[in-house]
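A short worksheet on the structure shown next.
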Amino acid sequence: MYSITSYGKMIADHVRTEAYAHALRRAIKPDSVVLDIGTGIGIFAMLACQFGARRVYAIEPDDAVQVARTIAADNGFANRIEFIQELSSRITLSERVDLIVSDLRGVLPLFRHHIPSIIDARKRFLAPDGILIPQQDTLWAAVSEAPDLYERYSTLWSDNAYGLDLGAARRLAVNTWQKGRVASDQLLTPPQQWATLDYYSIESANISAEMIFTAMRAGTAHGLSLWFDGLLAEGVSFSNAPGQPELIYGSAFFPFSSPVTLAVGDRVSVKLSADLVVDDYVWRWNTQVAGQGDEIKADFKQSTFFGAPLSPNQLRKRESSYVPALDKEGQIDRLILSLMNGQNSLSDIAHTVATDFPDRFKSWQDALNRAGELSVKYSNRSGLSHASQ
């Protein structure tokens with residue numbers, strides 16, 4: 001979830017926001033119906049109204065949607081924007097829309113359920129001749145010399161004032177990636193296209209491709225830098241490539257297991273894969289560096305799966321043969337959920353839970369907090385408070 005300050009920073013990114021505004025201005029007609037997925041505080045929804053849209057559906061699961069409602073009212077757009085606090089995949093609309101606008105990316109477009117959300121919305125909501133903004137994102141990669149970025153993965157664990165061996169933590173760290181920008185003169189190889197995400201036709205959230213780079217100058221390779229170019233509409237785009245103005249997205253840095261010295265002409269083969277598992281991506285980057293005469297200088301196999309500090313006990317609980325049983329916390333949640341049947345108030349549920357688990361809750365008010373959290377997460381929109389019944 002983003003803070004209000006984070007939403008403000010997105011708006012303040014003039015290159016990004018002006019590109020979206022330009023694309024919306026060109027696409028919207030007087031009778032246009034628009035769907036804004038991940039509306040945040042409603043900027044794109046209000047711009048759509050400003051440019052003449054007849055109706056806008058603005059979808060946002062975060063409580064920031066309340067701020068969006070207020071801002072829309074303050075600007076005279078409340079009667080044309082319907083704000084819906086929910087995930088787009090869980091809603092239905094009474095009509096098809098002429099345009100879907102979204103910016104669900106993180107540092108990279110492969111971010112949580114960005115792609116599945118676009119696929120679902122395109123199929124269920126977009127009119128046959130409807131428009132998507134953005135149209136596509138193209139991801140680029142290059143081998144980079146980035147000692148300052150690599151220090152986060154290496155020096156932090158190898159240099160400490162206490163003489164301790166922290167190698168186990170370093171092995172986890174080099175299997176994670178972070179936001180990290182490099183300059184164009186830090187690239188050791190020409191950039192290569194890794195993938196193009198065409199949102200009009202994409203069907204899978206998973207991407208995998210191999211790239212073969214050739215070192216254009218000598219240096220020390222610390223990892224792979226990854227960024228994207230966004231095409232919002234024909235002739236309307238932006239890029240956060242090295243050498244371009246820095247955008248809110250930044251770029252990604254995937255470290256190598258250890259730095260590799262490259263000579264001009266050395267070949268670096270990288271198979272980069274991203275697979276959406278539940279709510280997040282598992283990344284894999286397998287790298288082989290070959291010198292002159294096909295000498296193998298390095299052969300790394302890395303994955304964010306190896307960067308997660310899972311204990312054997314936690315891994316055992318994921319095995320298909322494991323027979324799970326609820327612990328006390330699970331029993332409490334099960335009781336609360338069973339009582340959320342449309343007949344009991346949260347007060348009633350809290351009193352029952354506090355009575356059944358007196359060693360866990362000192363008062364029914366403590367139990368009310370727990371029940372309230374589950375209510376926010378799971379209760380449907382038809383629930384009524386006592387004051388409204």
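Quick note on naming: the chains in the structure tokens go A, B, ... in the order shown, residues restart at 1 in each chain, and ligands are numbered from 1 in order of appearance.
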Using only C-alpha atoms, which protein or nucleic acid residues come within 8 Å of Leu226 of chain A? Drop anything in the same chain fewer than 5 positions from it, and give the result as JSON, numbers by chain. {"A": [139, 140, 141, 142, 251, 252, 253, 254]}
File of the preceding selection, C-alpha atoms, as a short mmCIF file (atom, residue, chain, number, x, y, z; two decimals), in the first residue's frame:
data_model
loop_
_atom_site.label_atom_id
_atom_site.label_comp_id
_atom_site.auth_asym_id
_atom_site.auth_seq_id
_atom_site.Cartn_x
_atom_site.Cartn_y
_atom_site.Cartn_z
CA LEU A 139 12.04 -4.49 -20.83
CA TRP A 140 15.76 -4.03 -21.46
CA ALA A 141 18.84 -5.40 -19.74
CA ALA A 142 22.60 -4.83 -19.76
CA SER A 251 15.42 0.54 -12.42
CA ALA A 252 16.36 -2.90 -11.09
CA PHE A 253 19.76 -4.36 -10.23
CA PHE A 254 20.28 -8.13 -10.12
#
List as CSV every residue of segment 246-346 of chain A that is in contact with segment 112-126 of chain A, defined as an atom at most 7 Å from one of its atoms (using only C-alpha atoms), together with the nearest atom pair and the distance in Å rounded to one decimal, sorted by chain and then rising number.
residue,atom,partner,partner_atom,distance
A:Asp279,CA,A:Arg112,CA,5.5
A:Asp280,CA,A:Arg112,CA,4.8
A:Tyr281,CA,A:Arg112,CA,6.6
Write out as an NGL selection string all residues of segment 31-195 of chain A that DSSP puts in alpha helix (DSSP H) for this structure's backbone. :A and (43-50 or 64-74 or 114-124 or 147-150 or 155-158 or 167-173)
Restricted to C-alpha atoms, what would the selected residues look like written as a compact mmCIF listing (two decimals), in the first residue's frame?
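Dumped everything to part-v5.txt:
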# COMPACT_ATOMS: atom_id res chain seq x y z
CA ILE A 43 -5.69 11.83 -10.77
CA PHE A 44 -6.19 9.88 -14.01
CA ALA A 45 -9.93 9.57 -13.33
CA MET A 46 -10.24 13.33 -12.92
CA LEU A 47 -8.09 14.03 -15.97
CA ALA A 48 -10.41 11.75 -17.95
CA CYS A 49 -13.37 13.88 -16.82
CA GLN A 50 -11.46 17.07 -17.61
CA ALA A 64 -6.73 6.29 -0.39
CA VAL A 65 -9.93 6.03 -2.44
CA GLN A 66 -11.63 8.08 0.30
CA VAL A 67 -9.22 10.94 -0.41
CA ALA A 68 -9.95 10.50 -4.12
CA ARG A 69 -13.68 10.93 -3.48
CA THR A 70 -13.08 14.17 -1.62
CA ILE A 71 -10.74 15.55 -4.29
CA ALA A 72 -13.20 14.61 -7.04
CA ALA A 73 -16.00 16.44 -5.21
CA ASP A 74 -13.78 19.47 -4.63
CA HIS A 114 -0.37 -6.17 -12.58
CA ILE A 115 -0.48 -8.40 -15.65
CA PRO A 116 -3.32 -10.72 -14.52
CA SER A 117 -5.37 -7.62 -13.64
CA ILE A 118 -4.87 -6.16 -17.13
CA ILE A 119 -5.68 -9.48 -18.82
CA ASP A 120 -8.86 -9.85 -16.76
CA ALA A 121 -10.00 -6.25 -17.32
CA ARG A 122 -9.26 -6.42 -21.05
CA LYS A 123 -11.40 -9.52 -21.46
CA ARG A 124 -14.31 -8.59 -19.19
CA PRO A 147 30.41 -1.23 -7.18
CA ASP A 148 28.25 1.09 -5.06
CA LEU A 149 25.14 -1.04 -5.66
CA TYR A 150 27.04 -4.26 -5.15
CA THR A 155 30.77 -5.31 1.82
CA LEU A 156 27.95 -5.05 4.35
CA TRP A 157 28.47 -8.74 5.16
CA SER A 158 32.23 -9.10 4.70
CA GLY A 167 28.79 -15.39 4.83
CA ALA A 168 25.45 -17.16 5.32
CA ALA A 169 23.64 -13.83 5.15
CA ARG A 170 25.62 -12.78 2.08
CA ARG A 171 24.58 -15.95 0.24
CA LEU A 172 20.95 -14.96 0.79
CA ALA A 173 21.56 -11.32 -0.14
Let's see if you can do this: from backbone DSSP, list all strand (DSSP E or B) residues in segment 55-252 of chain A, as an NGL selection string. :A and (55-59 or 81-84 or 97-102 or 126-133 or 136-144 or 178-179 or 187 or 192-198 or 207-214 or 219-233 or 236-239 or 252)
For the residues selected in the previous step, produce a file with C-alpha atoms as an mmCIF file, in the first residue's frame.
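Printed below is again_5.cif as written:
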data_model
loop_
_atom_site.group_PDB
_atom_site.id
_atom_site.type_symbol
_atom_site.label_atom_id
_atom_site.label_comp_id
_atom_site.auth_asym_id
_atom_site.auth_seq_id
_atom_site.Cartn_x
_atom_site.Cartn_y
_atom_site.Cartn_z
ATOM 1 C CA ARG A 55 -18.399 8.276 -17.133
ATOM 2 C CA VAL A 56 -15.389 7.005 -15.192
ATOM 3 C CA TYR A 57 -15.173 3.914 -13.020
ATOM 4 C CA ALA A 58 -12.240 4.384 -10.623
ATOM 5 C CA ILE A 59 -11.052 1.205 -8.887
ATOM 6 C CA ILE A 81 -16.796 9.266 -11.292
ATOM 7 C CA GLU A 82 -17.916 6.101 -9.519
ATOM 8 C CA PHE A 83 -15.242 5.100 -7.020
ATOM 9 C CA ILE A 84 -15.150 1.418 -6.108
ATOM 10 C CA VAL A 97 -15.749 0.686 -21.338
ATOM 11 C CA ASP A 98 -14.075 2.506 -24.209
ATOM 12 C CA LEU A 99 -10.753 2.959 -22.449
ATOM 13 C CA ILE A 100 -8.813 1.298 -19.633
ATOM 14 C CA VAL A 101 -6.019 3.298 -18.009
ATOM 15 C CA SER A 102 -3.696 1.921 -15.356
ATOM 16 C CA LEU A 126 -13.035 -3.448 -22.664
ATOM 17 C CA ALA A 127 -15.271 -2.784 -25.681
ATOM 18 C CA PRO A 128 -14.226 -4.561 -28.928
ATOM 19 C CA ASP A 129 -12.547 -1.431 -30.299
ATOM 20 C CA GLY A 130 -11.488 -0.145 -26.892
ATOM 21 C CA ILE A 131 -8.159 1.446 -26.008
ATOM 22 C CA LEU A 132 -5.589 0.426 -23.423
ATOM 23 C CA ILE A 133 -3.227 2.911 -21.768
ATOM 24 C CA GLN A 136 2.910 -2.081 -24.017
ATOM 25 C CA ASP A 137 6.087 -2.112 -21.944
ATOM 26 C CA THR A 138 9.447 -3.223 -23.291
ATOM 27 C CA LEU A 139 12.039 -4.489 -20.829
ATOM 28 C CA TRP A 140 15.759 -4.026 -21.462
ATOM 29 C CA ALA A 141 18.840 -5.402 -19.737
ATOM 30 C CA ALA A 142 22.601 -4.825 -19.755
ATOM 31 C CA VAL A 143 25.564 -6.050 -17.730
ATOM 32 C CA SER A 144 26.727 -3.219 -15.504
ATOM 33 C CA GLN A 178 16.798 -4.184 -5.461
ATOM 34 C CA LYS A 179 15.917 -0.860 -6.989
ATOM 35 C CA LEU A 187 27.108 -0.392 -18.843
ATOM 36 C CA GLN A 192 19.354 -6.092 -25.125
ATOM 37 C CA GLN A 193 15.598 -6.478 -25.211
ATOM 38 C CA TRP A 194 14.469 -9.106 -22.745
ATOM 39 C CA ALA A 195 10.693 -8.984 -23.268
ATOM 40 C CA THR A 196 7.849 -6.931 -24.715
ATOM 41 C CA LEU A 197 4.579 -6.940 -22.809
ATOM 42 C CA ASP A 198 1.826 -6.205 -25.334
ATOM 43 C CA ILE A 207 8.301 -14.313 -18.727
ATOM 44 C CA SER A 208 11.509 -16.163 -19.586
ATOM 45 C CA ALA A 209 14.175 -15.485 -22.198
ATOM 46 C CA GLU A 210 17.916 -15.846 -22.694
ATOM 47 C CA MET A 211 20.180 -12.955 -23.642
ATOM 48 C CA ILE A 212 23.771 -13.130 -24.868
ATOM 49 C CA PHE A 213 25.814 -9.990 -24.254
ATOM 50 C CA THR A 214 29.264 -9.099 -25.586
ATOM 51 C CA GLY A 219 35.696 -3.728 -16.471
ATOM 52 C CA THR A 220 34.249 -5.529 -13.491
ATOM 53 C CA ALA A 221 30.746 -6.940 -13.961
ATOM 54 C CA HIS A 222 28.726 -6.697 -10.768
ATOM 55 C CA GLY A 223 25.308 -7.654 -12.069
ATOM 56 C CA LEU A 224 22.458 -7.127 -14.480
ATOM 57 C CA SER A 225 20.596 -3.817 -14.760
ATOM 58 C CA LEU A 226 16.991 -3.972 -15.934
ATOM 59 C CA TRP A 227 14.601 -1.177 -16.941
ATOM 60 C CA PHE A 228 11.586 -0.599 -19.182
ATOM 61 C CA ASP A 229 10.226 1.706 -21.868
ATOM 62 C CA GLY A 230 6.510 2.422 -21.626
ATOM 63 C CA LEU A 231 4.406 2.974 -24.763
ATOM 64 C CA LEU A 232 1.173 4.655 -23.698
ATOM 65 C CA ALA A 233 -0.181 5.515 -27.136
ATOM 66 C CA VAL A 236 3.488 8.857 -26.541
ATOM 67 C CA SER A 237 6.103 7.052 -24.457
ATOM 68 C CA PHE A 238 8.688 7.372 -21.713
ATOM 69 C CA SER A 239 11.837 5.539 -20.701
ATOM 70 C CA ALA A 252 16.357 -2.896 -11.087
#
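Compared by their closest atoms to Val107 of chain A, and using only C-alpha atoms, the residues A:Leu164, A:Ile248, A:Ala23, A:Leu188 rank with A:Ile248 nearest.
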At a cut-off of 12 Å, using only C-alpha atoms, what residues contact Gly293 of chain A? Leave out same-chain residues fewer than 2 positions from it and give the result as a PDB file with N, CA, C and O atoms, in the first residue's frame.
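Contents of out-v6.pdb, freshly written:
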ATOM      1  N   GLY A 265      35.088  -8.229 -25.636  1.00  0.00           N
ATOM      2  CA  GLY A 265      34.756  -9.416 -26.419  1.00  0.00           C
ATOM      3  C   GLY A 265      34.261 -10.590 -25.603  1.00  0.00           C
ATOM      4  O   GLY A 265      33.748 -11.566 -26.169  1.00  0.00           O
ATOM      5  N   ASP A 266      34.416 -10.547 -24.275  1.00  0.00           N
ATOM      6  CA  ASP A 266      33.872 -11.630 -23.445  1.00  0.00           C
ATOM      7  C   ASP A 266      32.362 -11.717 -23.628  1.00  0.00           C
ATOM      8  O   ASP A 266      31.673 -10.705 -23.818  1.00  0.00           O
ATOM      9  N   ARG A 267      31.835 -12.954 -23.555  1.00  0.00           N
ATOM     10  CA  ARG A 267      30.395 -13.178 -23.731  1.00  0.00           C
ATOM     11  C   ARG A 267      29.751 -13.497 -22.389  1.00  0.00           C
ATOM     12  O   ARG A 267      30.256 -14.327 -21.616  1.00  0.00           O
ATOM     13  N   VAL A 289      29.701 -16.704 -17.941  1.00  0.00           N
ATOM     14  CA  VAL A 289      30.631 -15.764 -18.559  1.00  0.00           C
ATOM     15  C   VAL A 289      31.730 -16.552 -19.249  1.00  0.00           C
ATOM     16  O   VAL A 289      32.406 -17.367 -18.615  1.00  0.00           O
ATOM     17  N   ALA A 290      31.906 -16.319 -20.559  1.00  0.00           N
ATOM     18  CA  ALA A 290      32.936 -17.022 -21.343  1.00  0.00           C
ATOM     19  C   ALA A 290      33.944 -16.017 -21.879  1.00  0.00           C
ATOM     20  O   ALA A 290      33.573 -15.002 -22.480  1.00  0.00           O
ATOM     21  N   GLY A 291      35.218 -16.309 -21.656  1.00  0.00           N
ATOM     22  CA  GLY A 291      36.276 -15.448 -22.161  1.00  0.00           C
ATOM     23  C   GLY A 291      36.746 -15.882 -23.525  1.00  0.00           C
ATOM     24  O   GLY A 291      36.073 -16.657 -24.228  1.00  0.00           O
ATOM     25  N   GLU A 295      36.873 -19.966 -22.636  1.00  0.00           N
ATOM     26  CA  GLU A 295      37.192 -20.209 -21.224  1.00  0.00           C
ATOM     27  C   GLU A 295      36.017 -19.743 -20.365  1.00  0.00           C
ATOM     28  O   GLU A 295      35.529 -18.622 -20.497  1.00  0.00           O
ATOM     29  N   ILE A 296      35.522 -20.598 -19.459  1.00  0.00           N
ATOM     30  CA  ILE A 296      34.401 -20.256 -18.590  1.00  0.00           C
ATOM     31  C   ILE A 296      34.938 -19.516 -17.364  1.00  0.00           C
ATOM     32  O   ILE A 296      35.633 -20.091 -16.521  1.00  0.00           O
ATOM     33  N   LYS A 297      34.622 -18.246 -17.292  1.00  0.00           N
ATOM     34  CA  LYS A 297      35.082 -17.431 -16.176  1.00  0.00           C
ATOM     35  C   LYS A 297      34.151 -17.498 -14.973  1.00  0.00           C
ATOM     36  O   LYS A 297      34.592 -17.308 -13.826  1.00  0.00           O
TER      37      LYS A 297
END
Quick one, how far is atom CA of Asp13 of chain A from atom CA of Ser273 of chain A? 29.5 Å
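Among the candidate residues A:Leu315, A:Ile202, A:Ala218, A:Leu110, the one lying nearest to Val264 of chain A is A:Ala218, with distances computed using only C-alpha atoms.
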Atom pair atom CA of Thr261 of chain A / atom CA of Ala146 of chain A: separation (Å): 12.5 Å
From the set A:Arg96, A:Arg90, A:Lys301, A:Arg217, which residue has the shortest atom-to-atom contact distance to Val270 of chain A, counting only C-alpha atoms?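 Looking only at the distances to Val270 of chain A, the closest residue turns out to be A:Lys301.
Using only C-alpha atoms, the contacts of Ala354 of chain A at a cut-off of 9 Å, with sequence neighbours closer than 5 positions omitted, comprise Ile349, Asp359, Arg360, Phe361, Lys362, Ser363, Trp364, Gln365, Asp366, Ala367 and Leu368 of chain A.
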Filtering to C-alpha atoms, could you give me those residues as a PDB file, in the first residue's frame?
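This is the output file selection-v1.pdb:
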ATOM      1  CA  ILE A 349     -18.473 -12.074  17.614  1.00  0.00           C
ATOM      2  CA  ASP A 359      -6.060 -16.860  27.782  1.00  0.00           C
ATOM      3  CA  ARG A 360      -5.603 -15.009  24.486  1.00  0.00           C
ATOM      4  CA  PHE A 361      -7.841 -11.964  25.021  1.00  0.00           C
ATOM      5  CA  LYS A 362      -7.986  -9.915  28.228  1.00  0.00           C
ATOM      6  CA  SER A 363     -11.256  -8.303  27.176  1.00  0.00           C
ATOM      7  CA  TRP A 364     -13.842  -8.466  24.436  1.00  0.00           C
ATOM      8  CA  GLN A 365     -12.449  -5.167  23.122  1.00  0.00           C
ATOM      9  CA  ASP A 366      -9.146  -6.952  22.374  1.00  0.00           C
ATOM     10  CA  ALA A 367     -11.083  -9.610  20.505  1.00  0.00           C
ATOM     11  CA  LEU A 368     -12.991  -6.860  18.660  1.00  0.00           C
TER      12      LEU A 368
END
Could you check the closest approach to Gly8 of chain A for each of A:Ile41, A:Val174, A:Ala215, A:Leu272 and tell me which residue wins, using only C-alpha atoms?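 Looking at the shortest contact to Gly8 of chain A, the residue is A:Ile41.
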Applying 7 Å and only C-alpha atoms, which residues near Asn206 of chain A remain after dropping the ones on its own chain fewer than 6 positions away? List them as a PyMOL selection string. chain A and resi 274-276
